[in-house]
Every structure is written in C-alpha cells, then in structure tokens.
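Undergrad: Have a look at this one.
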Amino acid sequence: MLRGRGRGLPDADDRADTGAIPAAQGTQTSLGRDLAERSSAHPGKNGTLLLRSGRDAFVARAVLAQRAERSIDLQYYLYRQDTVGTLLTHHVLEAAERGVRVRMLIDDVYGDKDEDTWVALDAHANIDVRLFNPWVRGRSRALQYLMRRRQLNSRMHSKSFTVDNQVTVVGGRNIADPFFDADPELAFVDRDVVAAGPVVHDVEAVFDRYWNSEHAVPVASLVRQGTEHDLEELRFRSEIARADRSATTYVQAVQDSPLAHALRDGTVDFRWAEATVVDDSPDKQTHDAHWRQERLISQLAPSIVSANTDVVIVSPYFVPGPIATDALCTLARQGVRVRILTNSLASNDVPAVHAGYAKYRKPLLRCGVELYELDEHIRLDKQRLFVWLPALGKSSLHAKTMAFDRETMFVGSFNFDRRSLDINSEIGLLINDAQMAGDSANFFDRIIGDVAFRVTLETDDRGRESLRWTARQDGTDVTFASEPYAGLGLRAMVAVLRTLPIESQL
C-alpha cells in the first residue's frame, strides 16, 4: 500500500522506477546536433523563447514531438481530450510508434475524465502513463475527500513537456482548447517558454522526482491493463479528430507556421541567458514547517525582495496573504514600482479566489502598489489579444509571469495565491535575460491601458475609502464605482465568500 495514502490504492513496491535518458544520448539526436553548435557559442547558457500565442504554444509541443527520437516526458495538471488534446496525443502516439520512449504523468484531479485514453496509451509498448495523487476507483470521491482531505487537496499543478533531454516547454498552459485559443466560448491569456541547454536537464531531474515518487501510480494498476483493442480504438479516434474542421487551423499551423519551420530547421531565434529551475517537491503535501525553505516561493523570494526599481507580476489568481503583502508594500515604500495584473471579478473563472484577493486591494493600494484587473468588456469588443479568432465568448487571464528590474523574468505554473504558495506543487524557470524581461515589462506598459482596469483608492472628506476602476474606451477614460460588468448575484456571492474562513485554500 502507498505510504500515507488511502486503502484501495495499489501496491507500488514492484513498480519500475525510471530516469531521463542520459544527456549524452540526447546530444546524438537531430535536436541535439542542431543545438550543439549554437550552444557552444554560449557556454553555460540556455536558449529561451517566450510563447505568447496559443497557436505557437501548440506548434512548439507538436513539432518537438515530431522531432523526438529518444524520449518525451510530459507532466500536466489538466490534459483534456478535446481538439488540442487529441491532436497532441496523436503526435505523442506517432512518436511512440517510431520507437520513442514516452512517459506521461497526469494529475488525477481530472484524471478519471479520460481514463480510456490513458489506459489505451499505456497499452503501447513505448508509453507509460502514471496518475499523480490518485483517487481510489469505484468509491465515493466525497467520502475519500473527507477521509484523506490533506492528501487529496494537494495537487500536482506543474506543467512541462521535454523532448530528448534537449528542449523543454514550461509555463502556465494546461492541455485543453481554452489555453490554445481553440475554444470560441473561452480563451485564457497564457504564457510558456521554450528552453534548450543545461536547464533542460534540471527540468528532467524534477520530472524524475515526480515520476518515481510514491504519489505517481501506474494507470494499469489503478484502473486496468490496456489492450491492443484499446490502442486501435485510440488510433481510430485520433485520425477522425485530425480530419475534423475544428482541427484544421492547428494541423495547418504545424505544417506551415514560421515557428514550425524554425523548429524543424533548427533556426529558432533563441535568447541565450542563464536560467534556473524553481520548483516544489512532490512531497510538499507531507512536509512540515521545517521544509518551507524548499518551496518554490522560497526560491523565488530573493528575486522579488531584492528588486531595486521595477516589479511586474502577472497572476490570474492573486491572494498574496499578509506576508507577501507586507513584502510588496516594503518594496513600494522603498521606491520600487510594483505593478500587478490579475483577473477582475467578471473575467475570473473562480469567484472564490476573487473573494480572497479583494481583502488585499486596499492595503496594497495604500502603500503605493499599482493594481490592474483584466477588462472583459473591452476584450470582448476589441479582441485585441485574439485577433485571429472568428469569435470569442469569454476571455480570462491565466498567465503566470514576473519581471524584476527589467533584468530577470519568471515563467511557470505558479499562481501568486495561497494554493500555489502552500498546497499545490509548481514549477517555473527564472531567466536572467534583460532583453526578455525588459520586453515583457514594455509589453505590459504598452497594452495595459487597453486590456485592464486601473484600480485606485479614493478618500472622501470624511476619510471613507472607496475603490474605483478606470478603463480606456474609444480614447476616453471611463470610471466605475463597483466591480465592472459583474452582476448583483455574483457580487453578493463574493461578499458572502469573503466572510468564510477559506483563504488558506484559495
């Protein structure tokens, strides 16, 4: 029985632990040979490329899977079998058919939604699928949560996709249509980074720790052993999905987009810089207070508190808590310009998180921190960030990035909220590249007036404080005295949630 887990989970004692392919083997692949000459001109540094477009983010993963010769290692919190997920699964399966070893680690928070796919993939001789922190099958989830709340509440929120131990994609995107601009009803603004160089081996080391942890359970043991029939059905579904009209844009992009050509030709315009992996342990849920220094935020904190001039934080779910609030206010009082972009109530897909965030707005504004909230209404009208989509029902911020002094940039899965701080396990890259960090800060400045409300604090002659939301619409500033575009019912629900002792879970 897995230590500290629930009854009914399989015995993992005979599970075979495996590791990433040796870096020396990776250098013998076509990816490795393409990178060797370029990286030799930048010893000890890493090639990095920021992915803003959802379409490019898909292309990067798909083309890297096409180029894989030795291994693909991927881990995701959410991996749906919708248009994007099915297409990516097709490319991963094709790689396995060529003899590539594939390891897939999926958090089990939604793992049961596509069990047939995981079972079928695992039936392939070159694919192993494990589910992280699993639920016992055939038993009430509600009852399990009551009995094992601490364990089941902690999820693997990490996201990485690594090929041949040579190139990795790390960032905020789960594998699902809304994260890749493929869902006409919902689009998440997100960011990933492609990286090549020594940092890739560190990402692989993190993957191995998760893969070989006691929390990673083979799907064959947890659900059932897959068969050749399961695999044939998956191949059939994959071919049908590729022929669907909804997949056309992505199939074409993998063939013809500039990034696809650059990835195939080995001509990607990488930025070369020092980079570091920051991550949480897969055992974060079982550690006590003495392990707090090993948390991702503890590794990231020195870059935040040592900033001298400029901090830009983009986080869709922002619940900093009192300690981080004090740290950000200290920076602001020292003259550091601190800017934060998060979701507004109307654009937030998790209203409870907004309830946790709302209590920190006034303290942050009082000390000089600048707050911005995504303006759903402007984005619906103008579609400034999704101009290639024919229509868009709703958009929401999902990117998790930070820039410090226009010199260092963070890209990863870490939300600046209590759940990422204390409960879930996360990963990200800290990149020391003044051009990338500076460009990111400049991009923020350039678009913020068009896509977000500036939140300010007004004080009347009686000393009463009131929040105001100001947005630029058709060249004119428009100010709101309450949460913009949020209905009375939603505002009332958030008001009730603010009274509940739930902040530690947000």
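Chain labels run A, B, ... following the order of the structure tokens; each chain numbers its residues from 1, and ligands are numbered from 1 in the order shown.
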Can you list, as a PyMOL selection string, every protein, DNA or RNA residue that comes within 12 Å of segment 319-325 of chain A when you count only C-alpha atoms, leaving out same-chain residues fewer than 2 positions away?
TA: chain A and resi 297-298+300-301+304-305+313+315-317+327-332+338+340+342-343+352-369+415-422+502-506
Undergrad: Per DSSP on the backbone, what are the helix (DSSP H, G or I) residues of segment 105-334 of chain A, as a PyMOL selection string?
TA: chain A and resi 111-122+141-147+149-153+177-180+198-211+219-222+228-243+245-256+258-265+284-286+289-294+296-305+321-333
Undergrad: What's the separation between atom CA of Pro198 of chain A and atom CA of Phe410 of chain A, in Å to one decimal place?
TA: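 Computing it gives 17.1 Å between the two atoms.
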Undergrad: In terms of the shortest atom-to-atom distance over only C-alpha atoms, which of A:Val451, A:Val314, A:Ala253, A:Ala216 is closest to Arg155 of chain A?
TA: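 Ranking A:Val451, A:Val314, A:Ala253, A:Ala216 by distance to Arg155 of chain A, first place goes to A:Ala216.
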Undergrad: Find the residues of segment 247-315 of chain A that sit at most 12 Å from segment 89-108 of chain A; for each, write down the nearest two atoms and how far apart they are in Å, to one decimal. Count only C-alpha atoms. Sort by chain, then by number going up, and give it as CSV.
TA:
```
residue,atom,partner,partner_atom,distance
A:Ala247,CA,A:His90,CA,11.9
A:Val251,CA,A:His91,CA,10.8
A:Val254,CA,A:His91,CA,10.6
A:Pro282,CA,A:Asp107,CA,11.5
```
Undergrad: Keeping only all heavy atoms, write those residues as a JSON list (two decimals), in the first residue's frame.
TA:
```json
[["chain", "number", "residue", "atom", "x", "y", "z"],
["A", 247, "ALA", "N", -9.97, 21.08, -36.21],
["A", 247, "ALA", "CA", -8.54, 20.83, -36.10],
["A", 247, "ALA", "C", -7.74, 21.44, -37.24],
["A", 247, "ALA", "O", -6.50, 21.47, -37.19],
["A", 247, "ALA", "CB", -8.28, 19.32, -36.05],
["A", 251, "VAL", "N", -3.59, 21.74, -37.52],
["A", 251, "VAL", "CA", -2.88, 20.85, -38.43],
["A", 251, "VAL", "C", -2.08, 21.68, -39.43],
["A", 251, "VAL", "O", -0.91, 21.41, -39.72],
["A", 251, "VAL", "CB", -3.86, 19.92, -39.16],
["A", 251, "VAL", "CG1", -3.14, 19.12, -40.24],
["A", 251, "VAL", "CG2", -4.53, 18.98, -38.16],
["A", 254, "VAL", "N", 1.00, 23.43, -37.75],
["A", 254, "VAL", "CA", 2.13, 22.52, -37.54],
["A", 254, "VAL", "C", 2.91, 22.31, -38.84],
["A", 254, "VAL", "O", 4.12, 22.12, -38.84],
["A", 254, "VAL", "CB", 1.63, 21.17, -36.98],
["A", 254, "VAL", "CG1", 2.74, 20.12, -36.96],
["A", 254, "VAL", "CG2", 1.09, 21.36, -35.57],
["A", 282, "PRO", "N", 7.59, 16.93, -4.87],
["A", 282, "PRO", "CA", 6.37, 16.14, -4.98],
["A", 282, "PRO", "C", 5.82, 15.74, -3.62],
["A", 282, "PRO", "O", 4.66, 15.34, -3.50],
["A", 282, "PRO", "CB", 6.82, 14.91, -5.78],
["A", 282, "PRO", "CG", 8.30, 14.84, -5.59],
["A", 282, "PRO", "CD", 8.75, 16.26, -5.48]]
```
Undergrad: Find the residues near Arg80 of chain A: any atom within 8 Å, counting only C-alpha atoms, skip ones fewer than 4 places away on the same chain, and give them as a PDB file with N, CA and C atoms, in the first residue's frame.
TA:
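So the final result, stored in result-v6.pdb, reads:
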```pdb
ATOM      1  N   GLY A  85      -6.020  18.608 -27.227  1.00  0.00           N
ATOM      2  CA  GLY A  85      -5.513  17.443 -26.515  1.00  0.00           C
ATOM      3  C   GLY A  85      -5.437  16.214 -27.405  1.00  0.00           C
ATOM      4  N   THR A  86      -6.457  16.005 -28.239  1.00  0.00           N
ATOM      5  CA  THR A  86      -6.460  14.846 -29.130  1.00  0.00           C
ATOM      6  C   THR A  86      -5.361  14.955 -30.171  1.00  0.00           C
ATOM      7  N   LYS A 113     -11.544  11.631 -16.104  1.00  0.00           N
ATOM      8  CA  LYS A 113     -12.376  12.102 -17.218  1.00  0.00           C
ATOM      9  C   LYS A 113     -11.990  11.427 -18.532  1.00  0.00           C
ATOM     10  N   ASP A 114     -10.713  11.036 -18.675  1.00  0.00           N
ATOM     11  CA  ASP A 114     -10.241  10.433 -19.927  1.00  0.00           C
ATOM     12  C   ASP A 114      -9.494   9.135 -19.655  1.00  0.00           C
ATOM     13  N   ILE A 175      -3.191  21.309 -21.052  1.00  0.00           N
ATOM     14  CA  ILE A 175      -3.511  20.831 -22.394  1.00  0.00           C
ATOM     15  C   ILE A 175      -5.034  20.764 -22.528  1.00  0.00           C
ATOM     16  N   ALA A 176      -5.596  21.826 -23.105  1.00  0.00           N
ATOM     17  CA  ALA A 176      -7.032  21.931 -23.330  1.00  0.00           C
ATOM     18  C   ALA A 176      -7.275  23.127 -24.244  1.00  0.00           C
TER      19      ALA A 176
END
```
Undergrad: When you look at Leu296 of chain A with a cut-off of 6 Å (counting only C-alpha atoms), what residues show up, excluding the ones that are within fewer than 2 positions of it in the same chain? I need them as a list in words.
TA: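 What passes the distance filter is Val278, Asp279, Asp280, Ser298 and Gln299 of chain A.
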Undergrad: Using DSSP on the backbone, list every residue of segment 38-197 of chain A that comes out as strand (DSSP E), and give them as an MDAnalysis selection string.
TA: chainID A and resid 46:51 71:76 101:107 127:132 160:163 167:171 186:189 192:196
